[in-house]
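**Student:** Structure file coords-v5.cif (mmCIF, C-alpha atoms) is given on the next line.
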```cif
data_final
#
loop_
_atom_site.group_PDB
_atom_site.id
_atom_site.type_symbol
_atom_site.label_atom_id
_atom_site.label_comp_id
_atom_site.auth_asym_id
_atom_site.auth_seq_id
_atom_site.Cartn_x
_atom_site.Cartn_y
_atom_site.Cartn_z
ATOM 1 C CA MET H 1 -88.171 -8.211 -40.949
ATOM 2 C CA LYS H 2 -86.077 -5.960 -38.740
ATOM 3 C CA ALA H 3 -83.761 -3.424 -40.338
ATOM 4 C CA ILE H 4 -81.743 -0.351 -39.414
ATOM 5 C CA LEU H 5 -83.577 2.696 -40.758
ATOM 6 C CA VAL H 6 -82.513 6.309 -41.227
ATOM 7 C CA ARG H 7 -85.318 8.314 -39.650
ATOM 8 C CA GLN H 8 -84.187 11.457 -41.459
ATOM 9 C CA PRO H 9 -80.857 12.582 -42.929
ATOM 10 C CA GLY H 10 -78.398 13.667 -40.278
ATOM 11 C CA GLY H 11 -76.487 12.350 -37.302
ATOM 12 C CA VAL H 12 -76.259 8.921 -35.745
ATOM 13 C CA GLU H 13 -79.299 9.649 -33.568
ATOM 14 C CA ASN H 14 -81.390 9.130 -36.704
ATOM 15 C CA LEU H 15 -80.416 5.452 -36.963
ATOM 16 C CA VAL H 16 -83.257 3.379 -35.518
ATOM 17 C CA MET H 17 -84.337 -0.254 -35.531
ATOM 18 C CA GLY H 18 -87.565 -0.699 -37.469
ATOM 19 C CA GLU H 19 -89.688 -3.092 -39.489
ATOM 20 C CA VAL H 20 -89.807 -3.315 -43.288
ATOM 21 C CA PRO H 21 -91.363 -5.886 -45.642
ATOM 22 C CA ASP H 22 -89.362 -9.038 -46.299
ATOM 23 C CA PRO H 23 -87.676 -8.975 -49.729
ATOM 24 C CA GLU H 24 -88.641 -11.581 -52.330
ATOM 25 C CA PRO H 25 -86.037 -13.156 -54.608
ATOM 26 C CA GLY H 26 -86.618 -12.450 -58.282
ATOM 27 C CA PRO H 27 -85.310 -14.446 -61.234
ATOM 28 C CA GLY H 28 -81.619 -15.160 -60.827
ATOM 29 C CA GLU H 29 -81.575 -13.969 -57.213
ATOM 30 C CA LEU H 30 -80.950 -15.506 -53.807
ATOM 31 C CA LEU H 31 -82.741 -14.596 -50.594
ATOM 32 C CA VAL H 32 -80.117 -14.511 -47.855
ATOM 33 C CA ARG H 33 -80.515 -14.440 -44.094
ATOM 34 C CA VAL H 34 -77.955 -11.806 -43.117
ATOM 35 C CA ARG H 35 -75.641 -12.804 -40.282
ATOM 36 C CA ALA H 36 -73.162 -9.948 -40.627
ATOM 37 C CA THR H 37 -72.632 -6.755 -42.585
ATOM 38 C CA ALA H 38 -69.861 -4.159 -42.542
ATOM 39 C CA LEU H 39 -69.596 -0.391 -42.423
ATOM 40 C CA ASN H 40 -68.346 1.756 -45.283
ATOM 41 C CA ARG H 41 -67.828 5.492 -45.651
ATOM 42 C CA ALA H 42 -70.713 5.442 -48.114
ATOM 43 C CA ASP H 43 -73.020 4.463 -45.230
ATOM 44 C CA ILE H 44 -72.006 7.604 -43.350
ATOM 45 C CA LEU H 45 -72.628 9.780 -46.408
ATOM 46 C CA GLN H 46 -75.976 8.134 -47.159
ATOM 47 C CA ARG H 47 -77.076 8.567 -43.550
ATOM 48 C CA ARG H 48 -76.304 12.275 -43.864
ATOM 49 C CA GLY H 49 -78.315 12.522 -47.090
ATOM 50 C CA LEU H 50 -75.242 13.068 -49.267
ATOM 51 C CA TYR H 51 -75.056 9.760 -51.172
ATOM 52 C CA PRO H 52 -78.418 8.449 -52.413
ATOM 53 C CA PRO H 53 -78.601 4.813 -53.534
ATOM 54 C CA PRO H 54 -78.573 4.152 -57.283
ATOM 55 C CA PRO H 55 -81.916 3.698 -59.062
ATOM 56 C CA GLY H 56 -83.579 0.409 -58.170
ATOM 57 C CA ALA H 57 -81.346 -0.300 -55.178
ATOM 58 C CA SER H 58 -82.589 -0.853 -51.642
ATOM 59 C CA PRO H 59 -82.888 2.409 -49.683
ATOM 60 C CA LEU H 60 -81.402 0.640 -46.650
ATOM 61 C CA LEU H 61 -77.770 1.097 -45.696
ATOM 62 C CA GLY H 62 -75.234 -1.687 -46.167
ATOM 63 C CA LEU H 63 -73.043 -2.432 -49.196
ATOM 64 C CA GLU H 64 -71.954 -5.967 -48.267
ATOM 65 C CA ALA H 65 -73.245 -8.926 -46.302
ATOM 66 C CA ALA H 66 -72.631 -12.530 -45.351
ATOM 67 C CA GLY H 67 -75.239 -15.074 -44.380
ATOM 68 C CA GLU H 68 -77.178 -18.173 -45.375
ATOM 69 C CA VAL H 69 -79.289 -18.842 -48.450
ATOM 70 C CA VAL H 70 -82.937 -19.347 -47.463
ATOM 71 C CA ALA H 71 -84.703 -19.256 -50.841
ATOM 72 C CA LEU H 72 -83.886 -19.177 -54.548
ATOM 73 C CA GLY H 73 -85.493 -17.310 -57.409
ATOM 74 C CA THR H 74 -85.941 -19.031 -60.730
ATOM 75 C CA GLY H 75 -82.721 -19.559 -62.649
ATOM 76 C CA SER H 76 -80.493 -19.594 -59.562
ATOM 77 C CA GLU H 77 -79.010 -23.023 -60.076
ATOM 78 C CA GLY H 78 -75.979 -24.157 -58.128
ATOM 79 C CA TRP H 79 -77.108 -22.888 -54.744
ATOM 80 C CA HIS H 80 -79.113 -24.542 -51.982
ATOM 81 C CA PRO H 81 -80.858 -23.383 -48.808
ATOM 82 C CA GLY H 82 -78.336 -23.311 -46.001
ATOM 83 C CA ASP H 83 -75.340 -22.425 -48.187
ATOM 84 C CA GLY H 84 -73.096 -19.776 -46.652
ATOM 85 C CA VAL H 85 -72.543 -16.856 -49.010
ATOM 86 C CA PHE H 86 -71.109 -13.358 -49.050
ATOM 87 C CA ALA H 87 -71.563 -10.624 -51.632
ATOM 88 C CA LEU H 88 -71.263 -7.008 -52.659
ATOM 89 C CA LEU H 89 -74.583 -5.139 -52.479
ATOM 90 C CA PRO H 90 -75.934 -1.887 -53.909
ATOM 91 C CA GLY H 91 -77.697 -1.458 -50.536
ATOM 92 C CA GLY H 92 -79.797 -3.360 -48.018
ATOM 93 C CA GLY H 93 -77.173 -5.026 -45.824
ATOM 94 C CA TYR H 94 -78.418 -3.504 -42.546
ATOM 95 C CA ALA H 95 -81.345 -5.937 -42.405
ATOM 96 C CA GLN H 96 -82.260 -9.485 -41.449
ATOM 97 C CA TYR H 97 -82.752 -10.503 -45.094
ATOM 98 C CA VAL H 98 -81.442 -9.292 -48.437
ATOM 99 C CA THR H 99 -81.693 -10.418 -52.063
ATOM 100 C CA ILE H 100 -78.546 -10.708 -54.158
ATOM 101 C CA PRO H 101 -77.874 -11.761 -57.750
ATOM 102 C CA ALA H 102 -76.836 -15.404 -57.657
ATOM 103 C CA ALA H 103 -74.004 -14.600 -60.087
ATOM 104 C CA MET H 104 -72.475 -12.235 -57.513
ATOM 105 C CA ALA H 105 -72.701 -14.602 -54.549
ATOM 106 C CA LEU H 106 -69.492 -16.219 -53.340
ATOM 107 C CA PRO H 107 -69.251 -19.280 -51.084
ATOM 108 C CA ILE H 108 -67.862 -18.586 -47.628
ATOM 109 C CA PRO H 109 -64.592 -20.528 -47.218
ATOM 110 C CA PRO H 110 -64.706 -22.977 -44.277
ATOM 111 C CA ASN H 111 -61.968 -21.074 -42.424
ATOM 112 C CA LEU H 112 -63.925 -17.805 -42.332
ATOM 113 C CA SER H 113 -66.725 -16.711 -40.002
ATOM 114 C CA PHE H 114 -69.750 -14.742 -41.175
ATOM 115 C CA GLU H 115 -68.155 -11.630 -39.711
ATOM 116 C CA GLU H 116 -64.901 -12.183 -41.587
ATOM 117 C CA ALA H 117 -66.722 -12.912 -44.834
ATOM 118 C CA ALA H 118 -68.808 -9.743 -44.498
ATOM 119 C CA ALA H 119 -65.595 -7.700 -44.259
ATOM 120 C CA ILE H 120 -64.387 -8.817 -47.694
ATOM 121 C CA PRO H 121 -66.627 -7.703 -50.601
ATOM 122 C CA GLU H 122 -66.512 -3.906 -50.669
ATOM 123 C CA ALA H 123 -62.899 -3.593 -49.536
ATOM 124 C CA PHE H 124 -61.350 -6.304 -51.682
ATOM 125 C CA LEU H 125 -63.423 -5.719 -54.817
ATOM 126 C CA THR H 126 -62.739 -1.981 -54.673
ATOM 127 C CA ALA H 127 -59.038 -2.644 -54.155
ATOM 128 C CA TYR H 128 -58.918 -5.210 -56.968
ATOM 129 C CA GLN H 129 -60.742 -2.920 -59.391
ATOM 130 C CA CYS H 130 -58.555 0.090 -58.613
ATOM 131 C CA LEU H 131 -55.233 -1.739 -58.596
ATOM 132 C CA PHE H 132 -55.656 -3.910 -61.667
ATOM 133 C CA TRP H 133 -58.656 -2.963 -63.818
ATOM 134 C CA ILE H 134 -58.128 0.793 -63.560
ATOM 135 C CA GLY H 135 -54.579 1.160 -62.269
ATOM 136 C CA GLY H 136 -52.978 -1.552 -64.416
ATOM 137 C CA LEU H 137 -50.546 -2.472 -61.638
ATOM 138 C CA GLN H 138 -47.686 -4.738 -62.692
ATOM 139 C CA ALA H 139 -45.122 -6.772 -60.780
ATOM 140 C CA GLY H 140 -42.159 -4.673 -59.708
ATOM 141 C CA GLU H 141 -44.041 -1.359 -59.825
ATOM 142 C CA TRP H 142 -44.448 0.935 -56.840
ATOM 143 C CA VAL H 143 -47.948 1.774 -55.607
ATOM 144 C CA LEU H 144 -48.721 4.430 -52.999
ATOM 145 C CA ILE H 145 -51.878 3.619 -51.025
ATOM 146 C CA HIS H 146 -53.335 6.455 -48.968
ATOM 147 C CA ALA H 147 -55.472 5.535 -45.942
ATOM 148 C CA GLY H 148 -53.413 2.370 -45.823
ATOM 149 C CA ALA H 149 -55.029 1.175 -42.587
ATOM 150 C CA SER H 150 -58.593 1.465 -43.910
ATOM 151 C CA GLY H 151 -60.603 -1.514 -45.097
ATOM 152 C CA VAL H 152 -59.741 -0.873 -48.741
ATOM 153 C CA GLY H 153 -56.184 0.052 -47.815
ATOM 154 C CA THR H 154 -55.466 -3.148 -45.896
ATOM 155 C CA ALA H 155 -56.963 -5.167 -48.753
ATOM 156 C CA ALA H 156 -54.997 -3.262 -51.397
ATOM 157 C CA ILE H 157 -51.671 -3.780 -49.602
ATOM 158 C CA GLN H 158 -52.191 -7.548 -49.631
ATOM 159 C CA LEU H 159 -53.351 -7.743 -53.247
ATOM 160 C CA ALA H 160 -50.517 -5.531 -54.477
ATOM 161 C CA ARG H 161 -47.881 -7.532 -52.625
ATOM 162 C CA ASP H 162 -49.377 -10.785 -53.897
ATOM 163 C CA ALA H 163 -49.036 -9.401 -57.432
ATOM 164 C CA GLY H 164 -45.336 -8.683 -56.896
ATOM 165 C CA ALA H 165 -45.658 -4.911 -56.575
ATOM 166 C CA ARG H 166 -43.870 -2.723 -54.036
ATOM 167 C CA VAL H 167 -46.078 -0.862 -51.572
ATOM 168 C CA ALA H 168 -45.880 2.497 -49.819
ATOM 169 C CA VAL H 169 -48.673 3.782 -47.584
ATOM 170 C CA THR H 170 -49.764 6.768 -45.564
ATOM 171 C CA ALA H 171 -51.684 6.607 -42.286
ATOM 172 C CA GLY H 172 -52.140 8.796 -39.235
ATOM 173 C CA THR H 173 -50.788 6.810 -36.267
ATOM 174 C CA GLU H 174 -47.843 4.552 -35.581
ATOM 175 C CA PRO H 175 -50.058 1.542 -34.672
ATOM 176 C CA LYS H 176 -51.839 1.879 -38.024
ATOM 177 C CA LEU H 177 -48.517 2.142 -39.854
ATOM 178 C CA GLU H 178 -47.261 -0.971 -38.077
ATOM 179 C CA VAL H 179 -50.277 -2.976 -39.249
ATOM 180 C CA CYS H 180 -49.548 -1.817 -42.803
ATOM 181 C CA ARG H 181 -45.946 -2.968 -42.461
ATOM 182 C CA GLN H 182 -47.064 -6.354 -41.184
ATOM 183 C CA LEU H 183 -49.288 -6.709 -44.250
ATOM 184 C CA GLY H 184 -46.364 -6.010 -46.580
ATOM 185 C CA ALA H 185 -45.877 -2.244 -46.934
ATOM 186 C CA GLU H 186 -42.196 -1.422 -47.415
ATOM 187 C CA VAL H 187 -42.624 2.309 -46.762
ATOM 188 C CA ALA H 188 -45.091 3.704 -44.219
ATOM 189 C CA VAL H 189 -45.415 7.465 -43.675
ATOM 190 C CA ASN H 190 -47.344 9.290 -40.955
ATOM 191 C CA TYR H 191 -49.033 12.119 -42.850
ATOM 192 C CA LYS H 192 -49.674 13.997 -39.590
ATOM 193 C CA LEU H 193 -45.955 14.558 -39.032
ATOM 194 C CA GLY H 194 -45.340 16.461 -42.261
ATOM 195 C CA PRO H 195 -45.410 16.100 -46.048
ATOM 196 C CA PHE H 196 -45.326 12.525 -47.300
ATOM 197 C CA ALA H 197 -43.918 13.263 -50.769
ATOM 198 C CA PRO H 198 -40.239 13.584 -49.758
ATOM 199 C CA ALA H 199 -40.220 10.150 -48.113
ATOM 200 C CA ILE H 200 -41.912 8.542 -51.113
ATOM 201 C CA ARG H 201 -39.530 10.170 -53.580
ATOM 202 C CA GLU H 202 -36.521 9.065 -51.524
ATOM 203 C CA ALA H 203 -37.791 5.482 -51.193
ATOM 204 C CA THR H 204 -38.195 5.185 -54.961
ATOM 205 C CA GLY H 205 -34.780 6.597 -55.764
ATOM 206 C CA ARG H 206 -36.373 9.857 -56.962
ATOM 207 C CA ALA H 207 -38.115 7.945 -59.752
ATOM 208 C CA GLY H 208 -41.557 8.153 -58.169
ATOM 209 C CA VAL H 209 -44.359 5.631 -57.946
ATOM 210 C CA GLN H 210 -46.265 4.239 -60.900
ATOM 211 C CA LEU H 211 -49.687 4.167 -59.208
ATOM 212 C CA ILE H 212 -51.475 6.014 -56.395
ATOM 213 C CA LEU H 213 -54.795 5.065 -54.794
ATOM 214 C CA ASP H 214 -56.211 8.191 -53.159
ATOM 215 C CA PHE H 215 -59.220 8.640 -50.868
ATOM 216 C CA VAL H 216 -58.377 12.172 -49.715
ATOM 217 C CA GLY H 217 -58.616 14.317 -52.852
ATOM 218 C CA ALA H 218 -57.778 17.995 -53.065
ATOM 219 C CA PRO H 219 -55.395 18.302 -50.057
ATOM 220 C CA TYR H 220 -53.137 15.605 -51.537
ATOM 221 C CA TRP H 221 -53.248 16.770 -55.163
ATOM 222 C CA GLU H 222 -49.909 18.585 -55.340
ATOM 223 C CA GLN H 223 -48.012 15.957 -53.350
ATOM 224 C CA ASN H 224 -49.552 13.175 -55.433
ATOM 225 C CA LEU H 225 -48.230 14.810 -58.590
ATOM 226 C CA ASP H 226 -44.807 15.098 -56.955
ATOM 227 C CA CYS H 227 -44.868 11.392 -56.029
ATOM 228 C CA LEU H 228 -45.863 10.076 -59.449
ATOM 229 C CA GLY H 229 -43.165 9.039 -61.853
ATOM 230 C CA MET H 230 -43.252 9.144 -65.631
ATOM 231 C CA ASP H 231 -46.461 7.635 -67.060
ATOM 232 C CA GLY H 232 -47.857 7.419 -63.519
ATOM 233 C CA ARG H 233 -51.519 6.740 -62.773
ATOM 234 C CA LEU H 234 -53.623 8.397 -60.075
ATOM 235 C CA VAL H 235 -56.899 6.678 -59.137
ATOM 236 C CA LEU H 236 -59.289 8.836 -57.120
ATOM 237 C CA ILE H 237 -61.592 6.636 -55.008
ATOM 238 C CA ALA H 238 -62.984 9.306 -52.671
ATOM 239 C CA THR H 239 -62.560 12.972 -51.755
ATOM 240 C CA MET H 240 -62.707 12.801 -47.965
ATOM 241 C CA GLY H 241 -60.553 15.926 -47.657
ATOM 242 C CA GLY H 242 -62.382 17.914 -50.330
ATOM 243 C CA GLY H 243 -62.971 17.788 -54.065
ATOM 244 C CA VAL H 244 -62.140 21.283 -55.317
ATOM 245 C CA ILE H 245 -58.666 22.236 -56.536
ATOM 246 C CA ASP H 246 -58.433 26.003 -56.915
ATOM 247 C CA ARG H 247 -55.609 26.230 -59.432
ATOM 248 C CA PHE H 248 -53.153 23.848 -61.004
ATOM 249 C CA ASP H 249 -50.946 23.768 -64.044
ATOM 250 C CA LEU H 250 -52.090 21.211 -66.627
ATOM 251 C CA ARG H 251 -48.543 21.078 -67.920
ATOM 252 C CA ARG H 252 -47.602 19.115 -64.790
ATOM 253 C CA LEU H 253 -49.779 16.294 -66.093
ATOM 254 C CA MET H 254 -48.419 16.561 -69.593
ATOM 255 C CA GLY H 255 -44.763 16.693 -68.589
ATOM 256 C CA LYS H 256 -44.931 13.278 -66.911
ATOM 257 C CA ARG H 257 -47.688 11.883 -69.205
ATOM 258 C CA LEU H 258 -49.857 11.271 -66.141
ATOM 259 C CA GLN H 259 -53.293 9.640 -66.094
ATOM 260 C CA VAL H 260 -55.945 10.685 -63.535
ATOM 261 C CA THR H 261 -59.044 8.505 -63.181
ATOM 262 C CA GLY H 262 -62.007 8.922 -60.850
ATOM 263 C CA THR H 263 -64.087 5.896 -59.910
ATOM 264 C CA THR H 264 -66.952 4.629 -57.785
ATOM 265 C CA LEU H 265 -68.054 1.004 -57.553
ATOM 266 C CA ARG H 266 -71.615 1.336 -56.275
ATOM 267 C CA SER H 267 -72.918 3.006 -59.432
ATOM 268 C CA ARG H 268 -71.433 0.402 -61.794
ATOM 269 C CA SER H 269 -73.752 -1.828 -63.796
ATOM 270 C CA PRO H 270 -74.744 -5.267 -62.479
ATOM 271 C CA GLU H 271 -72.872 -6.835 -65.399
ATOM 272 C CA TYR H 272 -69.685 -5.011 -64.434
ATOM 273 C CA LYS H 273 -69.994 -6.105 -60.806
ATOM 274 C CA VAL H 274 -70.635 -9.723 -61.786
ATOM 275 C CA GLN H 275 -67.528 -9.769 -63.995
ATOM 276 C CA LEU H 276 -65.445 -8.112 -61.284
ATOM 277 C CA THR H 277 -66.688 -10.550 -58.643
ATOM 278 C CA ARG H 278 -66.049 -13.632 -60.771
ATOM 279 C CA GLU H 279 -62.553 -12.537 -61.782
ATOM 280 C CA PHE H 280 -61.617 -11.676 -58.198
ATOM 281 C CA ALA H 281 -63.012 -15.002 -56.962
ATOM 282 C CA GLY H 282 -61.068 -17.017 -59.507
ATOM 283 C CA ARG H 283 -57.826 -15.358 -58.499
ATOM 284 C CA TYR H 284 -58.233 -14.858 -54.767
ATOM 285 C CA LEU H 285 -60.964 -17.053 -53.274
ATOM 286 C CA PRO H 286 -58.465 -19.942 -52.898
ATOM 287 C CA LYS H 287 -56.049 -17.573 -51.154
ATOM 288 C CA LEU H 288 -58.782 -16.404 -48.776
ATOM 289 C CA ALA H 289 -59.525 -20.067 -48.066
ATOM 290 C CA SER H 290 -55.853 -20.801 -47.349
ATOM 291 C CA GLY H 291 -55.354 -17.684 -45.236
ATOM 292 C CA ALA H 292 -52.720 -16.291 -47.619
ATOM 293 C CA ILE H 293 -54.767 -13.096 -47.714
ATOM 294 C CA ARG H 294 -57.297 -12.107 -45.079
ATOM 295 C CA PRO H 295 -59.750 -9.406 -44.124
ATOM 296 C CA VAL H 296 -58.524 -7.115 -41.351
ATOM 297 C CA ILE H 297 -61.250 -6.478 -38.777
ATOM 298 C CA ASP H 298 -60.937 -3.790 -36.132
ATOM 299 C CA ARG H 299 -64.167 -4.284 -34.163
ATOM 300 C CA ILE H 300 -67.417 -6.232 -34.316
ATOM 301 C CA PHE H 301 -70.528 -4.484 -32.979
ATOM 302 C CA PRO H 302 -73.954 -6.042 -32.373
ATOM 303 C CA TRP H 303 -76.220 -4.351 -34.866
ATOM 304 C CA ASP H 304 -78.297 -2.742 -32.141
ATOM 305 C CA GLN H 305 -75.138 -0.720 -31.413
ATOM 306 C CA VAL H 306 -75.041 0.687 -34.938
ATOM 307 C CA ARG H 307 -74.910 4.254 -33.641
ATOM 308 C CA GLU H 308 -71.740 3.494 -31.690
ATOM 309 C CA ALA H 309 -70.280 1.793 -34.766
ATOM 310 C CA HIS H 310 -70.920 4.859 -36.929
ATOM 311 C CA ARG H 311 -69.409 7.146 -34.305
ATOM 312 C CA TYR H 312 -66.345 4.913 -34.173
ATOM 313 C CA MET H 313 -65.858 5.167 -37.939
ATOM 314 C CA GLU H 314 -66.428 8.920 -37.963
ATOM 315 C CA ARG H 315 -63.626 9.329 -35.411
ATOM 316 C CA ASN H 316 -61.225 7.433 -37.727
ATOM 317 C CA LEU H 317 -60.335 5.009 -34.947
ATOM 318 C CA ASN H 318 -60.504 1.803 -36.974
ATOM 319 C CA THR H 319 -57.686 -0.176 -38.521
ATOM 320 C CA GLY H 320 -59.400 -2.356 -41.101
ATOM 321 C CA LYS H 321 -63.110 -3.054 -41.189
ATOM 322 C CA ILE H 322 -65.912 -2.378 -38.720
ATOM 323 C CA VAL H 323 -68.472 -5.205 -38.762
ATOM 324 C CA LEU H 324 -72.060 -5.421 -37.538
ATOM 325 C CA ARG H 325 -73.259 -8.801 -36.282
ATOM 326 C CA VAL H 326 -76.931 -9.119 -37.246
ATOM 327 C CA GLU H 327 -78.576 -10.936 -34.354
#
```
Would you mind writing the file out in structure tokens?
**Tutor:**
Amino acid sequence: MKAILVRQPGGVENLVMGEVPDPEPGPGELLVRVRATALNRADILQRRGLYPPPPGASPLLGLEAAGEVVALGTGSEGWHPGDGVFALLPGGGYAQYVTIPAAMALPIPPNLSFEEAAAIPEAFLTAYQCLFWIGGLQAGEWVLIHAGASGVGTAAIQLARDAGARVAVTAGTEPKLEVCRQLGAEVAVNYKLGPFAPAIREATGRAGVQLILDFVGAPYWEQNLDCLGMDGRLVLIATMGGGVIDRFDLRRLMGKRLQVTGTTLRSRSPEYKVQLTREFAGRYLPKLASGAIRPVIDRIFPWDQVREAHRYMERNLNTGKIVLRVE
């Protein structure tokens, strides 16, 4: 089969179309003809040699995919060739075929295209995990979502609002902030125009937010602590701005009884991902089917333009997901 390969770690020039053996579905797995996949920051890091796949995972890029079932391994009851499915992957989405655990496959709602379905798994499952499993978000609480116009950010805004929470976001341009407002953010702050903490504190009546989802890391540490209210929770999803904090006073955590949790989804066990997928599907698959929540897609690239797609993501131009159509 054809697949996008990384010739050697480095820049986008090392992404090439190549041939690799077709995967074979094992027990409990589906073989899926990939029609679309989506970009994630992890793809950029893996391409650069900074984020190796977990043991046993495909070395190919691609953490999510949508397509059609073409074959079933033993013990994969409930599915049939031709069924449209989408799923989270540990790798392998940048290819014509991929195997996925049948327990993690979700049926594509009739109102969604392959491209729309491919934009859901990584963003929405990450958002769901961080908001509810880790962050414990409750109705009426404030959540601050950094990178609000990203794939995870646009998903998290919708899930938080659906749960009855109040949403504040940061983003870097007015068009991105406007998309966040349209999705349900009550407060939207351009972090390029100055500190975001004063606006967040004012919006919450000086009480602070109960939860923060952060992709930036060290540069936001002090302001995040300022924004959190008593018993606040900070969930670190990425460290795009850096991961080293030179000095800080632990008493700032103790004084507000703050919780700080770091997380990644890719390295979680298959059992964890199955449970997460099933719980998310039970709660939100009907709402995806009705259009009550939706993936936000910025651009769709043919997969032979994968270099241009990676450049586009690296320039932080996207609002929502960047999708590759596998032709």
**Student:** Expand the PyMOL selection byres ((chain H and resi 89) around 8) into the explicit residue set it covers here, and present it as a list of chain:residue names.
**Tutor:**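 Applying the expression gives H:Gly62, H:Leu63, H:Glu64, H:Ala65, H:Ala87, H:Leu88, H:Pro90, H:Gly91, H:Gly92, H:Gly93, H:Ile100.
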**Student:** Go ahead and save the picked residues with C-alpha atoms, as a PDB file, keeping the file's coordinate frame.
**Tutor:**
```pdb
ATOM      1  CA  GLY H  62     -75.234  -1.687 -46.167  1.00  0.00           C
ATOM      2  CA  LEU H  63     -73.043  -2.432 -49.196  1.00  0.00           C
ATOM      3  CA  GLU H  64     -71.954  -5.967 -48.267  1.00  0.00           C
ATOM      4  CA  ALA H  65     -73.245  -8.926 -46.302  1.00  0.00           C
ATOM      5  CA  ALA H  87     -71.563 -10.624 -51.632  1.00  0.00           C
ATOM      6  CA  LEU H  88     -71.263  -7.008 -52.659  1.00  0.00           C
ATOM      7  CA  PRO H  90     -75.934  -1.887 -53.909  1.00  0.00           C
ATOM      8  CA  GLY H  91     -77.697  -1.458 -50.536  1.00  0.00           C
ATOM      9  CA  GLY H  92     -79.797  -3.360 -48.018  1.00  0.00           C
ATOM     10  CA  GLY H  93     -77.173  -5.026 -45.824  1.00  0.00           C
ATOM     11  CA  ILE H 100     -78.546 -10.708 -54.158  1.00  0.00           C
TER      12      ILE H 100
END
```
**Student:** List the neighbours of Glu24 (chain H) out to 9 Å using only C-alpha atoms; skip same-chain residues closer than 6 positions along the sequence, and give me the result as a ChimeraX atom specification.
**Tutor:** /H:30-31,71,73,98-99
**Student:** Calculated over all atoms listed in the file, which of the candidates H:Leu50, H:Leu211, H:Met1, H:Met230 has the smallest distance to Val34 (chain H)?
**Tutor:**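 Closest residue, counting all atoms listed in the file: H:Met1.
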**Student:** Excluding same-chain residues fewer than 4 positions from region 117-126 of chain H, what lies within 8 Å of it counting only C-alpha atoms, as a PyMOL selection string?
**Tutor:** chain H and resi 36-38+63-66+86-88+108+112-113+130+151-153+155-156+265+276-277+280+295-297+321-323
**Student:** For this file, the PyMOL selection byres ((chain H and resi 2-5) around 7) selects which residues, as a list in words?
**Tutor:** Met1, Val6, Arg7, Leu15, Val16, Met17, Gly18, Glu19, Val20, Leu60, Tyr94, Ala95 and Gln96 of chain H
**Student:** Could those selected residues go to a file with C-alpha atoms, as a PDB file, in the coordinates of the input?
**Tutor:**
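Done, and the output landed in again_3.pdb:
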```
ATOM      1  CA  MET H   1     -88.171  -8.211 -40.949  1.00  0.00           C
ATOM      2  CA  VAL H   6     -82.513   6.309 -41.227  1.00  0.00           C
ATOM      3  CA  ARG H   7     -85.318   8.314 -39.650  1.00  0.00           C
ATOM      4  CA  LEU H  15     -80.416   5.452 -36.963  1.00  0.00           C
ATOM      5  CA  VAL H  16     -83.257   3.379 -35.518  1.00  0.00           C
ATOM      6  CA  MET H  17     -84.337  -0.254 -35.531  1.00  0.00           C
ATOM      7  CA  GLY H  18     -87.565  -0.699 -37.469  1.00  0.00           C
ATOM      8  CA  GLU H  19     -89.688  -3.092 -39.489  1.00  0.00           C
ATOM      9  CA  VAL H  20     -89.807  -3.315 -43.288  1.00  0.00           C
ATOM     10  CA  LEU H  60     -81.402   0.640 -46.650  1.00  0.00           C
ATOM     11  CA  TYR H  94     -78.418  -3.504 -42.546  1.00  0.00           C
ATOM     12  CA  ALA H  95     -81.345  -5.937 -42.405  1.00  0.00           C
ATOM     13  CA  GLN H  96     -82.260  -9.485 -41.449  1.00  0.00           C
TER      14      GLN H  96
END
```
**Student:** Which residue is closest to Ala185 (chain H)? Choose from H:Arg252, H:Arg161, H:Arg33, H:His80 and count all atoms listed in the file.
**Tutor:**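 Once distances to Ala185 (chain H) are computed over all atoms listed in the file, the minimum belongs to H:Arg161.
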**Student:** Go through the shown structure with the PyMOL selection byres ((chain H and resi 299-308) around 6) and write out the matching residues as an NGL selection string.
**Tutor:** :H and (12 or 297-298 or 309-311 or 322-326)
**Student:** Excluding Ala102 (chain H) and any residue of its chain fewer than 3 positions from it, enumerate the residues within 6 Å of it, using all atoms listed in the file, and give them as a PyMOL selection string.
**Tutor:** chain H and resi 28-30+76+105
**Student:** Just how far from CA of Asp22 (chain H) is CA of Gln46 (chain H), in Å to one decimal?
**Tutor:**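 Result for CA of Gln46 (chain H) versus CA of Asp22 (chain H): 21.8 Å, one decimal.
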**Student:** Have a look at CA of Gly67 (chain H) and CA of Tyr284 (chain H) and let me know their distance in Å, one decimal.
**Tutor:**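 Rounded to one decimal, the two atoms are 19.9 Å apart.
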**Student:** Please report, as AutoDock Vina command-line options, the centre and edge lengths in Å to one decimal of an axis-aligned box covering all listed atoms of region 6-16 of chain H with 5 Å per side.
**Tutor:**
```
--center_x -80.8 --center_y 8.5 --center_z -38.2 --size_x 19.1 --size_y 20.3 --size_z 19.4
```
